[in-house]
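These notes concern the structure reproduced below.
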Amino acid sequence: MLPMHSDRFRSSHPPALAALLAAWLAGALGAASLLGMAPPDAPSPLAPPAPVDARAMGIGRYVADSSGDDLAGKKTSWRSGRGERLTVIALTSVTCPLCKKFAPSLARIESAFLDRGVKFVYVNVSGLDSTEAMRKQVADLGFKGLYLNDRDGAIAAALGARTTTEVFVVDAGNTLVYRGPVSDQYGVDFTLDAPRQRLLESALEASIAGKAPGIAALASPGCAIEPKQASSTSAVAGSPAVTYARDISRIMQNNCVECHRAGGPGPFALDSFEAVSKRASMIRAVTQEGTMPPWFAAPMHGADGATKPSPWSNDRSLTDAEKRAIVAWIESGKPEGDRAELPAPRTFADGVWRIGTPDAIVQLPKPIAIKADGFMAYQTVVVPTNLAEDRWVKAVQIVPTDPSVVHHVLVFALDEADAQNPRVRRRLAAEEAGGYWAAYVPGNDHVIHGPGFARRLPARSSLLFQIHYTPNGTATSDQMKLGMVFANEPPRHVVRTASIADRSIMIPPGAPNHRESAQVRIPADARILAFMPHMHVRGKAYRYELEPADGGGRRTLLNIPAYDFNWQLRYELREPLAVEPGATLHGTAWYDNSAGNPANPDPTKTVRWGPQTVDEMMLGYIEYYLVNEDPLHLEELEPGSTPSRGLGQGARGITFDRLLLRFDANKDGTISEDEVPENLLPQFRRLDRTSNGVLERDDFAP
């Protein structure tokens with residue numbers, strides 16, 4: 001996940017001019033998207049670049065043809081200027097101030113990528129700029145690509161364009177792969193000396209390498225484009241002219257073929273017309289019911305009841321328009337359509353590291369035998385990292401040698417002392433409440449942290465793999481490995497995982513809707529990055545809620561009304577969620593221990609906490625960082641040693657003896673405030689239960 005920063009920097013414009021520009025730029029938003037409808041709650045054109053729902057922005061959709069006037073006045077299709085591999089449709093204007101600022105960057109990027117199969121098409125969306133002014137812009141900046149005047153708004157309407165600074169990257173199969181600003185260097189009221197994120201260039205590099213851009217869609221600050229009637233007839237919008245080539249193939253490619261392909265974890269492929277058409281009825285059933293693609297977060301709603309945009313950067317659910325398109329395609333006879341409109345095929349290669357070349361690889365010491373059928377207990381394996389020094393890990397990926405039998409994996413990082421203690425290893429494998437270090441589920445095998453974010457891996461540490469294998473009818477074996485990419489310097493923020501947990505759960509026999517709950521109090525200014533609830537086969541539903549420090553009403557953060565143990569999904573926020581000190585995170589779980597639960601191994605049993613599938617757990621994992629934490633002084637002054645005391649509990653938790661080793665400079669057996677770095681004083685004072693300005697053993701008594 002790449003957190004975006006909303007810090008605003010003042011531009012060089014005087015305040016009066018900046019205010020005038022802001023007022024002028026705040027026009028109406030473009031109405032049409034590539035799906036034939038405007039996404040809800042469209043961001044203001046004045047807002048700085050910010051992550052948005054890529055699906056609502058048309059990423060992965062077919063880009064229809066449309067035309068404007070070239071500089072000779074001839075009606076010309078934008079496709080006449082397309083590149084062999086990629087086409088950048090760069091909106092522009094002679095008079096929009098932000099277009100003028102971004103124009104030199106566009107010219108530079110065009111020249112840099114011209115020999116790599118990338119061409120630019122410039123589309124002037126002002127509707128008022130003169131031909132002479134446009135010709136001068138081309139000459140002054142050295143634009144090399146096709147330049148079109150979209151005076152009647154046809155191209156902007158087909159694209160669903162919102163602002164004059166948007167760029168659209170389209171691949172050779174006419175599929176949209178990136179939409180957003182050139183970079184984050186300029187906004188309505190800020191100017192940076194250099195961009196912090198070269199967004200367009202990063203998208204082009206990723207696409208040329210056959211990868212999806214790390215950031216596929218962002219709101220782009222600029223001059224608002226006046227809405228015009230969309231000319232697109234995309235079938236995804238509900239048109240009767242639905243075809244496999246233009247519409248259904250892209251729905252499959254964007255949501256299904258990552259697993260449903262040759263060599264993937266899915267049981268069959270869905271990457272061709274023949275494969276999809278012969279399974280159409282089943283596809284219709286599972287997509288309409290929401291069984292597939294696997295995504296269980298309920299939509300969020302505003303105070304007025306309207307559905308809010310998805311806050312999840314990895315939301316893999318189908319939109320209502322996509323579901324309607326599948327039904328319309330089947331009911332119209334499953335037409336294949338024009339094969340020329342097929343998307344460029346996605347490429348996959350088994351064993352290829354999606355995080356880049358790892359700096360270190362840890363592999364299970366020997367293969368684990370997987371039987372052909374029946375039940376397998378969780379497998380736990382401890383593997384030393386052999387690291388000579390602490391490392392910051394900015395990306396991690398788990399690669400099974402036989403993914404078809406791997407249900408999910410949790411990996412825990414053990415420091416040297418824990419790794420050598422068999423009792424600690426057994427406890428951690430059984431409890432899981434300390435927070436995972438890495439995780440794997442089919443289709444979600446890696447995490448790449450954004451710039452300035454990383455996890456810490458101590459020197460001489462070990463990794464404990466807890467693996468759930470599911471036999472699939474054929475005896476096999478697996479010897480999975482975990483790859484890591486290290487950061488070259490300490491991060492700004494340390495990524496951690498904590499949990500809302502209740503190890504005292506007791507689920508009565510036959511109970512169809514048993515409720516359990518737990519909570520953690522937020523001890524410091526924190527930001528939540530992701531959630532991952534974990535229960536076993538009796539798990540029915542889970543909900544995360546936030547209660548403010550002042551005791552106001554709870555707010556739902558994530559609601560999973562139909563939990564499915566078969567999919568241990570991680571719900572990744574598009575933007576970090578601020579949580580204030582004193583607030584409380586609540587986790588509520590519901591269980592079905594009745595005979596009506598087909599997965600229930602024994603409805604007559606009272607079920608308690610345990611590590612195996614026949615037992616249960618009540619875990620609400622939370623990935624987060626502490627805003628004021630200093631990565632160079634992590635040591636042991638971390639808030640909370642148990643879930644009831646707050647976020648940040650480590651695998652072993654805080655002990656007074658461990659704190660003494662780090663902070664007791666005068667060796668008097670206590671820790672005073674002047675022995676603690678200033679940035680850790682808030683944690684110090686929370687641990688000082690006697691409030692005498694000194695940490696003593698009594699402060700840590702049960």
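Numbering starts fresh at 1 for the residues of each chain in the structure tokens, the chains themselves are lettered A, B, ... in the order given, and ligands are numbered from 1 as they appear.
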
Original post:
Which neighbours of Lys144 of chain A fall inside 9 Å, counting only C-alpha atoms, when residues of the same chain fewer than 2 positions from it are skipped, and could you give them as a ChimeraX atom specification?
Top reply: /A:107,110-111,119-121,138,142,146-147

Atoms to include: N, CA and C atoms. Write the selected residues as a short mmCIF file (atom, residue, chain, number, x, y, z; two decimals), in the first residue's frame.
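Okay, this is what ended up in part.cif:
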data_model
loop_
_atom_site.label_atom_id
_atom_site.label_comp_id
_atom_site.auth_asym_id
_atom_site.auth_seq_id
_atom_site.Cartn_x
_atom_site.Cartn_y
_atom_site.Cartn_z
N ALA A 107 6.37 16.84 -22.13
CA ALA A 107 7.30 16.82 -23.26
C ALA A 107 8.54 15.99 -22.94
N GLU A 110 7.57 12.27 -22.83
CA GLU A 110 7.32 11.79 -24.19
C GLU A 110 8.63 11.44 -24.88
N SER A 111 9.60 12.32 -24.79
CA SER A 111 10.90 12.07 -25.45
C SER A 111 11.60 10.85 -24.85
N LYS A 119 3.63 6.24 -27.42
CA LYS A 119 3.36 7.51 -28.10
C LYS A 119 2.33 8.31 -27.31
N PHE A 120 2.43 9.61 -27.46
CA PHE A 120 1.52 10.53 -26.77
C PHE A 120 0.51 11.10 -27.75
N VAL A 121 -0.72 11.23 -27.27
CA VAL A 121 -1.76 11.95 -27.99
C VAL A 121 -2.22 13.08 -27.07
N VAL A 138 2.59 23.60 -29.14
CA VAL A 138 3.31 22.46 -29.69
C VAL A 138 4.74 22.85 -30.06
N GLY A 142 7.78 21.41 -27.98
CA GLY A 142 8.35 20.30 -28.72
C GLY A 142 7.54 19.02 -28.62
N LEU A 146 0.46 13.23 -31.80
CA LEU A 146 -0.75 13.79 -32.39
C LEU A 146 -1.39 14.78 -31.42
N TYR A 147 -1.83 15.94 -31.93
CA TYR A 147 -2.46 16.96 -31.10
C TYR A 147 -3.88 17.18 -31.64
#

Original post:
Counting only C-alpha atoms, what is within 10 Å of Asp602 of chain A, bar same-chain residues fewer than 3 positions away, as a PyMOL selection string?
Top reply: chain A and resi 509-510+593-595+597+599+605-607+614

Residue selection dump (N, CA and C atoms) as a PDB file, in the first residue's frame:
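The file below, selection15.pdb, is the result:
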ATOM      1  N   PRO A 509     -23.017 -25.473  22.458  1.00  0.00           N
ATOM      2  CA  PRO A 509     -23.458 -26.433  21.434  1.00  0.00           C
ATOM      3  C   PRO A 509     -24.752 -25.969  20.762  1.00  0.00           C
ATOM      4  N   GLY A 510     -24.818 -26.123  19.468  1.00  0.00           N
ATOM      5  CA  GLY A 510     -26.043 -25.847  18.720  1.00  0.00           C
ATOM      6  C   GLY A 510     -26.376 -24.388  18.521  1.00  0.00           C
ATOM      7  N   ASN A 593     -22.597 -22.512  15.476  1.00  0.00           N
ATOM      8  CA  ASN A 593     -22.200 -23.830  15.968  1.00  0.00           C
ATOM      9  C   ASN A 593     -23.373 -24.808  15.866  1.00  0.00           C
ATOM     10  N   SER A 594     -24.285 -24.540  14.957  1.00  0.00           N
ATOM     11  CA  SER A 594     -25.473 -25.381  14.827  1.00  0.00           C
ATOM     12  C   SER A 594     -25.266 -26.448  13.764  1.00  0.00           C
ATOM     13  N   ALA A 595     -26.204 -27.368  13.720  1.00  0.00           N
ATOM     14  CA  ALA A 595     -26.179 -28.396  12.679  1.00  0.00           C
ATOM     15  C   ALA A 595     -26.465 -27.808  11.309  1.00  0.00           C
ATOM     16  N   ASN A 597     -24.910 -25.396   9.997  1.00  0.00           N
ATOM     17  CA  ASN A 597     -23.643 -24.965   9.412  1.00  0.00           C
ATOM     18  C   ASN A 597     -22.980 -26.183   8.788  1.00  0.00           C
ATOM     19  N   ALA A 599     -20.217 -26.705   7.485  1.00  0.00           N
ATOM     20  CA  ALA A 599     -18.789 -26.880   7.758  1.00  0.00           C
ATOM     21  C   ALA A 599     -18.518 -27.253   9.209  1.00  0.00           C
ATOM     22  N   LYS A 605     -20.599 -29.952  20.402  1.00  0.00           N
ATOM     23  CA  LYS A 605     -19.421 -29.616  21.191  1.00  0.00           C
ATOM     24  C   LYS A 605     -19.448 -28.163  21.658  1.00  0.00           C
ATOM     25  N   THR A 606     -19.063 -27.924  22.919  1.00  0.00           N
ATOM     26  CA  THR A 606     -18.777 -26.564  23.375  1.00  0.00           C
ATOM     27  C   THR A 606     -17.406 -26.192  22.830  1.00  0.00           C
ATOM     28  N   VAL A 607     -17.328 -25.120  22.075  1.00  0.00           N
ATOM     29  CA  VAL A 607     -16.105 -24.785  21.340  1.00  0.00           C
ATOM     30  C   VAL A 607     -15.357 -23.669  22.057  1.00  0.00           C
ATOM     31  N   VAL A 614     -10.822 -27.408  13.994  1.00  0.00           N
ATOM     32  CA  VAL A 614     -11.962 -27.875  14.793  1.00  0.00           C
ATOM     33  C   VAL A 614     -12.170 -27.025  16.039  1.00  0.00           C
TER      34      VAL A 614
END

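Here atom CA of Ala328 of chain A and atom CA of Asn566 of chain A stand 29.9 Å from one another.
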
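With only C-alpha atoms as the atoms that count, the residue of A:Thr319, A:Pro221, A:Ile560, A:Thr131 with the shortest distance to Arg162 of chain A is A:Pro221.
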
Closest atom pairs, segment 396-422 of chain A residues within 12 Å of segment 492-498 of chain A, only C-alpha atoms, as a tab-separated table:
residue	atom	partner	partner_atom	distance
A:Leu410	CA	A:Thr497	CA	12.0
A:Val411	CA	A:Thr497	CA	11.6
A:Phe412	CA	A:Thr497	CA	10.3
A:Ala413	CA	A:Thr497	CA	11.2

Output the selection as a JSON list (two decimals), in the first residue's frame - C-alpha atoms for each residue.
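Wrote it out as selection08.json, contents follow:
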[["chain", "number", "residue", "atom", "x", "y", "z"],
["A", 410, "LEU", "CA", 0.68, -16.81, 8.81],
["A", 411, "VAL", "CA", 4.31, -15.98, 9.52],
["A", 412, "PHE", "CA", 5.53, -14.70, 12.89],
["A", 413, "ALA", "CA", 8.93, -13.07, 13.50]]

Original post:
Which residues come within 8 Å of segment 289-297 of chain A, counting only C-alpha atoms, excluding same-chain residues fewer than 3 positions away, as a PyMOL selection string?
Top reply: chain A and resi 255-256+285-286+315-318+558-564+567+569

**OP:** Please identify which residues in segment 396-510 of chain A DSSP calls helix (DSSP H, G or I) from the backbone, and express them as a ChimeraX atom specification.
**Re:** /A:403-405,416-419,422-431

With N, CA and C atoms retained, export the selected residues as a short mmCIF file (atom, residue, chain, number, x, y, z; two decimals), in the first residue's frame.
data_model
loop_
_atom_site.label_atom_id
_atom_site.label_comp_id
_atom_site.auth_asym_id
_atom_site.auth_seq_id
_atom_site.Cartn_x
_atom_site.Cartn_y
_atom_site.Cartn_z
N PRO A 403 0.94 -24.27 -4.86
CA PRO A 403 -0.09 -23.39 -4.31
C PRO A 403 -1.48 -24.02 -4.30
N SER A 404 -1.69 -25.09 -5.06
CA SER A 404 -3.03 -25.66 -5.13
C SER A 404 -3.49 -26.27 -3.82
N VAL A 405 -2.57 -26.55 -2.89
CA VAL A 405 -2.95 -27.17 -1.62
C VAL A 405 -2.75 -26.23 -0.42
N GLU A 416 15.83 -13.58 18.80
CA GLU A 416 16.74 -14.69 19.06
C GLU A 416 16.34 -15.49 20.29
N ALA A 417 15.94 -14.80 21.36
CA ALA A 417 15.58 -15.50 22.60
C ALA A 417 14.33 -16.35 22.40
N ASP A 418 13.31 -15.80 21.75
CA ASP A 418 12.07 -16.54 21.54
C ASP A 418 12.30 -17.75 20.63
N ALA A 419 13.13 -17.56 19.60
CA ALA A 419 13.37 -18.64 18.65
C ALA A 419 14.03 -19.84 19.32
N PRO A 422 11.51 -23.38 23.20
CA PRO A 422 10.44 -24.21 22.64
C PRO A 422 9.06 -23.87 23.20
N ARG A 423 9.00 -23.47 24.47
CA ARG A 423 7.70 -23.14 25.07
C ARG A 423 7.11 -21.90 24.40
N VAL A 424 7.95 -20.91 24.13
CA VAL A 424 7.47 -19.69 23.46
C VAL A 424 7.01 -20.02 22.05
N ARG A 425 7.77 -20.86 21.35
CA ARG A 425 7.39 -21.22 19.98
C ARG A 425 6.03 -21.91 19.97
N ARG A 426 5.83 -22.83 20.90
CA ARG A 426 4.55 -23.54 20.95
C ARG A 426 3.41 -22.58 21.29
N ARG A 427 3.68 -21.66 22.24
CA ARG A 427 2.62 -20.73 22.63
C ARG A 427 2.23 -19.82 21.48
N LEU A 428 3.22 -19.30 20.78
CA LEU A 428 2.92 -18.39 19.67
C LEU A 428 2.15 -19.12 18.56
N ALA A 429 2.52 -20.35 18.27
CA ALA A 429 1.83 -21.11 17.24
C ALA A 429 0.38 -21.38 17.62
N ALA A 430 0.13 -21.51 18.92
CA ALA A 430 -1.23 -21.81 19.37
C ALA A 430 -2.07 -20.56 19.53
N GLU A 431 -1.44 -19.44 19.95
CA GLU A 431 -2.23 -18.26 20.28
C GLU A 431 -2.52 -17.39 19.07
#
